[in-house]
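Colleague: Sharing query.cif, mmCIF, C-alpha atoms:
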data_entry
#
loop_
_atom_site.group_PDB
_atom_site.id
_atom_site.type_symbol
_atom_site.label_atom_id
_atom_site.label_comp_id
_atom_site.auth_asym_id
_atom_site.auth_seq_id
_atom_site.Cartn_x
_atom_site.Cartn_y
_atom_site.Cartn_z
ATOM 1 C CA MET R 22 180.094 38.095 168.921
ATOM 2 C CA ASP R 23 178.474 34.968 167.500
ATOM 3 C CA SER R 24 179.835 34.830 163.946
ATOM 4 C CA ARG R 25 176.859 32.727 162.809
ATOM 5 C CA ASP R 26 174.319 35.543 163.141
ATOM 6 C CA GLY R 27 176.247 38.606 164.374
ATOM 7 C CA GLN R 28 174.579 38.775 167.785
ATOM 8 C CA THR R 29 176.754 40.004 170.641
ATOM 9 C CA TYR R 30 176.645 38.930 174.293
ATOM 10 C CA GLN R 31 177.861 40.402 177.544
ATOM 11 C CA THR R 32 180.313 38.166 179.400
ATOM 12 C CA VAL R 33 181.436 37.930 183.011
ATOM 13 C CA THR R 34 184.351 36.226 184.766
ATOM 14 C CA ILE R 35 183.446 34.515 188.035
ATOM 15 C CA GLY R 36 186.329 32.785 189.779
ATOM 16 C CA THR R 37 188.245 30.863 187.116
ATOM 17 C CA GLN R 38 185.336 30.734 184.661
ATOM 18 C CA THR R 39 184.135 33.149 181.981
ATOM 19 C CA TRP R 40 180.394 32.911 181.310
ATOM 20 C CA MET R 41 177.969 34.558 178.969
ATOM 21 C CA ALA R 42 176.018 37.027 181.077
ATOM 22 C CA GLN R 43 173.002 36.604 178.783
ATOM 23 C CA ASN R 44 171.081 33.581 177.554
ATOM 24 C CA LEU R 45 171.899 32.298 174.095
ATOM 25 C CA ASN R 46 169.573 33.553 171.369
ATOM 26 C CA TYR R 47 170.832 31.665 168.326
ATOM 27 C CA ALA R 48 167.841 30.614 166.203
ATOM 28 C CA TYR R 49 168.568 26.918 165.855
ATOM 29 C CA THR R 50 165.715 25.827 163.609
ATOM 30 C CA ASP R 51 167.388 23.261 161.347
ATOM 31 C CA VAL R 52 165.905 20.141 162.939
ATOM 32 C CA PRO R 53 162.127 19.482 163.100
ATOM 33 C CA TYR R 54 160.685 18.569 166.490
ATOM 34 C CA LYS R 55 158.274 15.694 167.020
ATOM 35 C CA ASN R 56 156.898 14.199 170.233
ATOM 36 C CA GLY R 57 153.911 11.900 169.886
ATOM 37 C CA ASP R 58 151.286 13.680 167.837
ATOM 38 C CA TYR R 59 152.862 17.096 168.380
ATOM 39 C CA THR R 60 155.223 18.450 165.746
ATOM 40 C CA SER R 61 157.053 21.741 165.286
ATOM 41 C CA ASP R 62 159.394 23.092 162.622
ATOM 42 C CA SER R 63 161.990 23.944 165.244
ATOM 43 C CA THR R 64 163.912 22.673 168.255
ATOM 44 C CA SER R 65 164.288 26.151 169.751
ATOM 45 C CA TRP R 66 161.592 28.672 170.562
ATOM 46 C CA CYS R 67 160.727 32.075 171.998
ATOM 47 C CA TYR R 68 158.646 31.928 175.174
ATOM 48 C CA ASN R 69 154.949 31.999 174.235
ATOM 49 C CA ASP R 70 156.071 32.102 170.581
ATOM 50 C CA ASP R 71 156.627 35.838 171.035
ATOM 51 C CA ALA R 72 159.764 37.166 169.339
ATOM 52 C CA SER R 73 160.140 39.920 171.940
ATOM 53 C CA ASN R 74 160.738 37.216 174.547
ATOM 54 C CA CYS R 75 163.716 35.933 172.575
ATOM 55 C CA SER R 76 165.198 39.416 172.769
ATOM 56 C CA LYS R 77 164.515 39.481 176.502
ATOM 57 C CA TYR R 78 165.286 35.911 177.591
ATOM 58 C CA GLY R 79 167.082 34.220 174.714
ATOM 59 C CA ARG R 80 165.695 31.060 173.130
ATOM 60 C CA LEU R 81 164.499 27.834 174.736
ATOM 61 C CA TYR R 82 166.199 24.677 173.415
ATOM 62 C CA THR R 83 165.587 20.962 173.716
ATOM 63 C CA TRP R 84 168.579 19.129 175.170
ATOM 64 C CA ALA R 85 169.275 17.559 171.778
ATOM 65 C CA ALA R 86 169.419 21.028 170.203
ATOM 66 C CA ALA R 87 171.582 22.368 173.042
ATOM 67 C CA MET R 88 173.967 19.431 172.500
ATOM 68 C CA ASP R 89 173.952 19.854 168.686
ATOM 69 C CA SER R 90 172.879 16.243 168.343
ATOM 70 C CA VAL R 91 173.017 16.345 164.538
ATOM 71 C CA GLY R 92 176.666 17.442 164.596
ATOM 72 C CA THR R 93 176.334 20.736 162.739
ATOM 73 C CA TRP R 94 179.261 22.440 164.522
ATOM 74 C CA SER R 95 181.041 19.587 166.273
ATOM 75 C CA THR R 96 180.637 15.864 166.808
ATOM 76 C CA ASN R 97 181.195 15.951 170.582
ATOM 77 C CA GLY R 98 177.478 15.755 171.353
ATOM 78 C CA LYS R 99 176.337 13.995 168.210
ATOM 79 C CA GLY R 100 173.498 11.536 168.725
ATOM 80 C CA CYS R 101 172.571 12.829 172.184
ATOM 81 C CA GLY R 102 168.846 13.218 172.704
ATOM 82 C CA TYR R 103 165.652 11.888 174.213
ATOM 83 C CA ASN R 104 165.071 8.160 174.746
ATOM 84 C CA LYS R 105 168.691 7.257 174.129
ATOM 85 C CA THR R 106 171.934 7.314 176.071
ATOM 86 C CA CYS R 107 175.115 8.822 174.711
ATOM 87 C CA SER R 108 178.764 9.287 175.592
ATOM 88 C CA PRO R 109 179.688 12.870 174.731
ATOM 89 C CA THR R 110 183.271 13.999 174.354
ATOM 90 C CA TYR R 111 183.880 17.001 176.619
ATOM 91 C CA PRO R 112 183.813 19.870 176.232
ATOM 92 C CA VAL R 113 180.623 19.844 174.166
ATOM 93 C CA ARG R 114 180.360 22.956 172.020
ATOM 94 C CA GLY R 115 176.733 22.155 171.307
ATOM 95 C CA VAL R 116 174.718 25.124 170.078
ATOM 96 C CA CYS R 117 177.230 27.610 171.535
ATOM 97 C CA PRO R 118 179.400 29.915 169.416
ATOM 98 C CA LYS R 119 182.922 28.856 168.489
ATOM 99 C CA GLY R 120 185.241 29.070 171.489
ATOM 100 C CA TRP R 121 182.419 28.390 173.954
ATOM 101 C CA HIS R 122 180.713 25.249 175.223
ATOM 102 C CA LEU R 123 177.706 23.895 177.086
ATOM 103 C CA PRO R 124 178.744 23.586 180.751
ATOM 104 C CA THR R 125 178.878 20.244 182.511
ATOM 105 C CA GLU R 126 177.175 19.564 185.834
ATOM 106 C CA GLU R 127 180.602 19.804 187.488
ATOM 107 C CA GLU R 128 181.233 23.217 185.921
ATOM 108 C CA PHE R 129 177.980 24.482 187.421
ATOM 109 C CA GLU R 130 179.181 23.134 190.781
ATOM 110 C CA THR R 131 182.410 25.102 190.301
ATOM 111 C CA LEU R 132 180.278 28.204 189.734
ATOM 112 C CA PHE R 133 178.350 27.555 192.966
ATOM 113 C CA THR R 134 181.593 27.304 194.922
ATOM 114 C CA ALA R 135 182.891 30.544 193.405
ATOM 115 C CA VAL R 136 179.782 32.493 194.479
ATOM 116 C CA GLY R 137 179.692 31.212 198.064
ATOM 117 C CA GLY R 138 177.910 27.872 197.900
ATOM 118 C CA GLN R 139 174.835 26.235 196.420
ATOM 119 C CA SER R 140 172.473 27.272 199.238
ATOM 120 C CA THR R 141 172.812 30.965 198.388
ATOM 121 C CA ALA R 142 173.889 30.782 194.735
ATOM 122 C CA GLY R 143 170.385 31.483 193.495
ATOM 123 C CA LYS R 144 170.177 34.763 195.370
ATOM 124 C CA VAL R 145 173.443 36.135 194.006
ATOM 125 C CA LEU R 146 173.020 34.815 190.445
ATOM 126 C CA LYS R 147 169.458 36.052 189.886
ATOM 127 C CA SER R 148 168.765 39.446 188.327
ATOM 128 C CA THR R 149 167.553 42.315 190.491
ATOM 129 C CA SER R 150 164.184 42.527 188.721
ATOM 130 C CA GLY R 151 161.669 40.398 186.855
ATOM 131 C CA TRP R 152 161.215 37.635 189.431
ATOM 132 C CA ASN R 153 157.760 37.237 190.971
ATOM 133 C CA SER R 154 156.861 38.099 194.553
ATOM 134 C CA SER R 155 160.014 38.913 196.543
ATOM 135 C CA GLY R 156 162.115 36.540 194.482
ATOM 136 C CA ASN R 157 164.550 38.986 192.905
ATOM 137 C CA GLY R 158 168.239 38.408 193.433
ATOM 138 C CA THR R 159 171.161 40.682 194.206
ATOM 139 C CA ASP R 160 173.004 39.908 190.934
ATOM 140 C CA ALA R 161 176.172 40.277 192.995
ATOM 141 C CA PHE R 162 178.320 38.597 190.323
ATOM 142 C CA ALA R 163 176.645 40.128 187.222
ATOM 143 C CA PHE R 164 175.402 36.720 186.034
ATOM 144 C CA SER R 165 171.958 38.305 185.591
ATOM 145 C CA ALA R 166 169.773 35.183 185.472
ATOM 146 C CA LEU R 167 166.256 36.071 184.313
ATOM 147 C CA PRO R 168 163.094 34.010 184.982
ATOM 148 C CA ALA R 169 162.657 32.801 181.406
ATOM 149 C CA GLY R 170 160.394 29.828 182.181
ATOM 150 C CA ASP R 171 160.293 26.620 180.139
ATOM 151 C CA ARG R 172 158.563 25.047 177.186
ATOM 152 C CA TYR R 173 156.886 21.666 177.580
ATOM 153 C CA ASP R 174 156.677 18.835 175.072
ATOM 154 C CA ASP R 175 153.084 19.633 174.103
ATOM 155 C CA GLY R 176 153.951 23.201 173.086
ATOM 156 C CA ASP R 177 152.769 24.874 176.313
ATOM 157 C CA TYR R 178 154.917 27.434 178.088
ATOM 158 C CA ASP R 179 155.086 27.976 181.836
ATOM 159 C CA GLY R 180 157.171 29.552 184.547
ATOM 160 C CA GLU R 181 157.934 33.055 183.277
ATOM 161 C CA GLY R 182 158.671 35.116 186.364
ATOM 162 C CA ASN R 183 158.944 32.010 188.533
ATOM 163 C CA GLY R 184 161.966 30.098 187.345
ATOM 164 C CA GLU R 185 164.896 29.551 185.036
ATOM 165 C CA SER R 186 166.560 26.335 183.846
ATOM 166 C CA PHE R 187 169.946 26.155 182.136
ATOM 167 C CA TRP R 188 170.928 22.987 180.313
ATOM 168 C CA SER R 189 174.164 21.208 181.159
ATOM 169 C CA SER R 190 175.933 18.740 178.871
ATOM 170 C CA THR R 191 175.676 16.024 181.546
ATOM 171 C CA GLU R 192 173.202 13.230 180.918
ATOM 172 C CA ASP R 193 171.224 11.648 183.756
ATOM 173 C CA ASP R 194 169.695 8.731 181.826
ATOM 174 C CA SER R 195 168.027 8.081 178.488
ATOM 175 C CA ASP R 196 165.167 10.493 179.224
ATOM 176 C CA TYR R 197 166.739 13.101 181.524
ATOM 177 C CA ALA R 198 169.674 15.495 181.460
ATOM 178 C CA TYR R 199 170.883 17.775 184.234
ATOM 179 C CA SER R 200 169.994 21.442 184.345
ATOM 180 C CA MET R 201 170.821 24.237 186.752
ATOM 181 C CA ASP R 202 167.518 25.566 188.089
ATOM 182 C CA LEU R 203 166.671 28.789 189.904
ATOM 183 C CA PHE R 204 163.315 29.665 191.468
ATOM 184 C CA TYR R 205 161.690 32.806 192.831
ATOM 185 C CA ILE R 206 160.714 31.155 196.136
ATOM 186 C CA ASN R 207 164.208 30.472 197.498
ATOM 187 C CA ASP R 208 167.902 31.314 197.345
ATOM 188 C CA PHE R 209 169.133 27.868 196.304
ATOM 189 C CA ALA R 210 170.565 26.862 192.955
ATOM 190 C CA PHE R 211 169.554 23.307 192.069
ATOM 191 C CA LEU R 212 170.969 20.648 189.772
ATOM 192 C CA ASN R 213 168.008 18.589 188.603
ATOM 193 C CA GLY R 214 167.346 15.956 185.989
ATOM 194 C CA ASN R 215 164.853 17.429 183.518
ATOM 195 C CA TYR R 216 163.151 15.804 180.543
ATOM 196 C CA LYS R 217 165.351 16.168 177.504
ATOM 197 C CA TYR R 218 162.420 17.277 175.375
ATOM 198 C CA TYR R 219 161.726 20.348 177.549
ATOM 199 C CA GLY R 220 162.725 23.701 176.115
ATOM 200 C CA SER R 221 165.158 25.421 178.490
ATOM 201 C CA SER R 222 167.763 28.167 178.394
ATOM 202 C CA VAL R 223 171.436 27.897 177.464
ATOM 203 C CA ARG R 224 174.327 29.760 179.073
ATOM 204 C CA CYS R 225 177.627 29.136 177.348
ATOM 205 C CA LEU R 226 180.977 28.845 179.115
ATOM 206 C CA LYS R 227 184.249 29.936 177.542
ATOM 207 C CA ASP R 228 186.632 27.130 176.550
#
Turn this file's structure into structure tokens for me.

Modeller:
Amino acid sequence: MDSRDGQTYQTVTIGTQTWMAQNLNYAYTDVPYKNGDYTSDSTSWCYNDDASNCSKYGRLYTWAAAMDSVGTWSTNGKGCGYNKTCSPTYPVRGVCPKGWHLPTEEEFETLFTAVGGQSTAGKVLKSTSGWNSSGNGTDAFAFSALPAGDRYDDGDYDGEGNGESFWSSTEDDSDYAYSMDLFYINDFAFLNGNYKYYGSSVRCLKD
């Protein structure tokens, strides 16, 4: 249970790691969002601004929000955000509940190894329904990844049914951070550098 708002999450142990088996849905709205001429009163959102999608997919967070860049709950990711480089202290709790943290790129790689390798990780981590075309997974490890899509910097949403991105706490450069990405068109799990101002999902890992 997340003591901040009382929401409860299913968990699953895969290899040596214990993961949330659902996307985080904590309404982190304390920090206004601004990119160019576009502003928002939040750094986390429901897909298509529809509250029912938060219940279904969890919320979509900027990397700065996922890292708790303002230091609300810990200082390990303080100051991390777009157009700047940072040196986080791991593990980074970020927006996760107490006792959990935002996984590093290496911790996602550990997950891939535990489920049989990166080339088939997507197939076994994806949920058995909700993915477009024939893109559903087997959910063999009860990770239950849903195709939540993403939110772009201009406020548009895209990708529901097609893909899912999970933030890591590993920075690529001043503009990009790594995420674990799944797609309906293949069985791979990818580690890509995505723009830090995108809104993507968060899966927390137990400390």

Colleague: If the PyMOL selection byres ((chain R and resi 199-203) around 9) is run on the structure shown, which residues does it catch, given as a ChimeraX atom specification?

Modeller: /R:125-126,129,142-144,146-147,166,168,183-193,197-198,204-217,221

Colleague: Please evaluate the PyMOL selection byres ((chain R and resi 23) around 12) against the displayed coordinates and give the resulting residues as a PyMOL selection string.

Modeller: chain R and resi 22+24-31+41+45-48+116-121+225

Colleague: Taking into account only C-alpha atoms, which residue in the set R:Ala169, R:Ala72, R:Gly138, R:Thr93 is nearest to Val223 in chain R?

Modeller: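 Ranked by minimum distance to Val223 in chain R, first place goes to R:Ala169.
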
Colleague: Do you know which residues lie at most 7 Å from (171.5, 37.6, 182.7), with coordinates as in the file and only C-alpha atoms counted, and could you write them as a list in words?

Modeller: Ala42, Gln43, Asn44, Ser148, Phe164, Ser165, Ala166 and Leu167 of chain R

Colleague: Decode the PyMOL selection byres ((chain R and resi 159) around 6) for the given file into explicit residues and return them as a PyMOL selection string.

Modeller: chain R and resi 145+149+158+160-161

Colleague: Could you turn the residues from that selection into a file that holds C-alpha atoms, as a compact mmCIF listing (two decimals), in the coordinates of the input?

Modeller:
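To be explicit, this is the file written out as out_32.txt:
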# COMPACT_ATOMS: atom_id res chain seq x y z
CA VAL R 145 173.44 36.14 194.01
CA THR R 149 167.55 42.32 190.49
CA GLY R 158 168.24 38.41 193.43
CA ASP R 160 173.00 39.91 190.93
CA ALA R 161 176.17 40.28 193.00

Colleague: One number please: CA of Thr34 in chain R to CA of Asp228 in chain R, in Å, one decimal.

Modeller: 12.5 Å

Colleague: Which residue out of R:Trp40, R:Tyr219, R:Tyr78, R:Tyr49 has the minimum interatomic distance to Gly182 in chain R when all atoms listed in the file are used?

Modeller: R:Tyr78

Colleague: Measuring between all atoms listed in the file, which one of R:Glu127, R:Ser195, R:Leu132, R:Arg224 shows the shortest distance to Asn104 in chain R?

Modeller: R:Ser195

Colleague: To one decimal place, how far is CA of Val91 in chain R from CA of Trp66 in chain R in Å?

Modeller: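 Computed distance, CA of Val91 in chain R to CA of Trp66 in chain R, equals 17.9 Å.
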
Colleague: I'd like to know which of R:Cys67, R:Cys75, R:Val33, R:Leu226 is closest to Gly115 in chain R, using all atoms listed in the file.

Modeller: R:Leu226

Colleague: Considering only C-alpha atoms, can you say which of R:Val136, R:Ala86, R:Leu81, R:Ile35 comes closest to Tyr178 in chain R?

Modeller: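 Closest to Tyr178 in chain R, using only C-alpha atoms: R:Leu81.
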
Colleague: Could you state the separation of CA of Asp171 in chain R and CA of Arg80 in chain R in Å, given to one decimal place?

Modeller: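 Between these atoms lies a distance of 9.9 Å.
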
Colleague: Write out as a PDB file with C-alpha atoms, in the frame of the given file the residues lying within 8 Å of Thr110 in chain R, counting only C-alpha atoms and excluding same-chain residues fewer than 2 positions away.

Modeller:
ATOM      1  CA  ASN R  97     181.195  15.951 170.582  1.00  0.00           C
ATOM      2  CA  GLY R  98     177.478  15.755 171.353  1.00  0.00           C
ATOM      3  CA  SER R 108     178.764   9.287 175.592  1.00  0.00           C
ATOM      4  CA  PRO R 112     183.813  19.870 176.232  1.00  0.00           C
ATOM      5  CA  VAL R 113     180.623  19.844 174.166  1.00  0.00           C
TER       6      VAL R 113
END

Colleague: Which residue gives the smallest distance to Tyr173 in chain R among R:Thr106, R:Thr83, R:Ser95, R:Ser150, with only C-alpha atoms counted?

Modeller: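 So, comparing all the options, the nearest one is R:Thr83.
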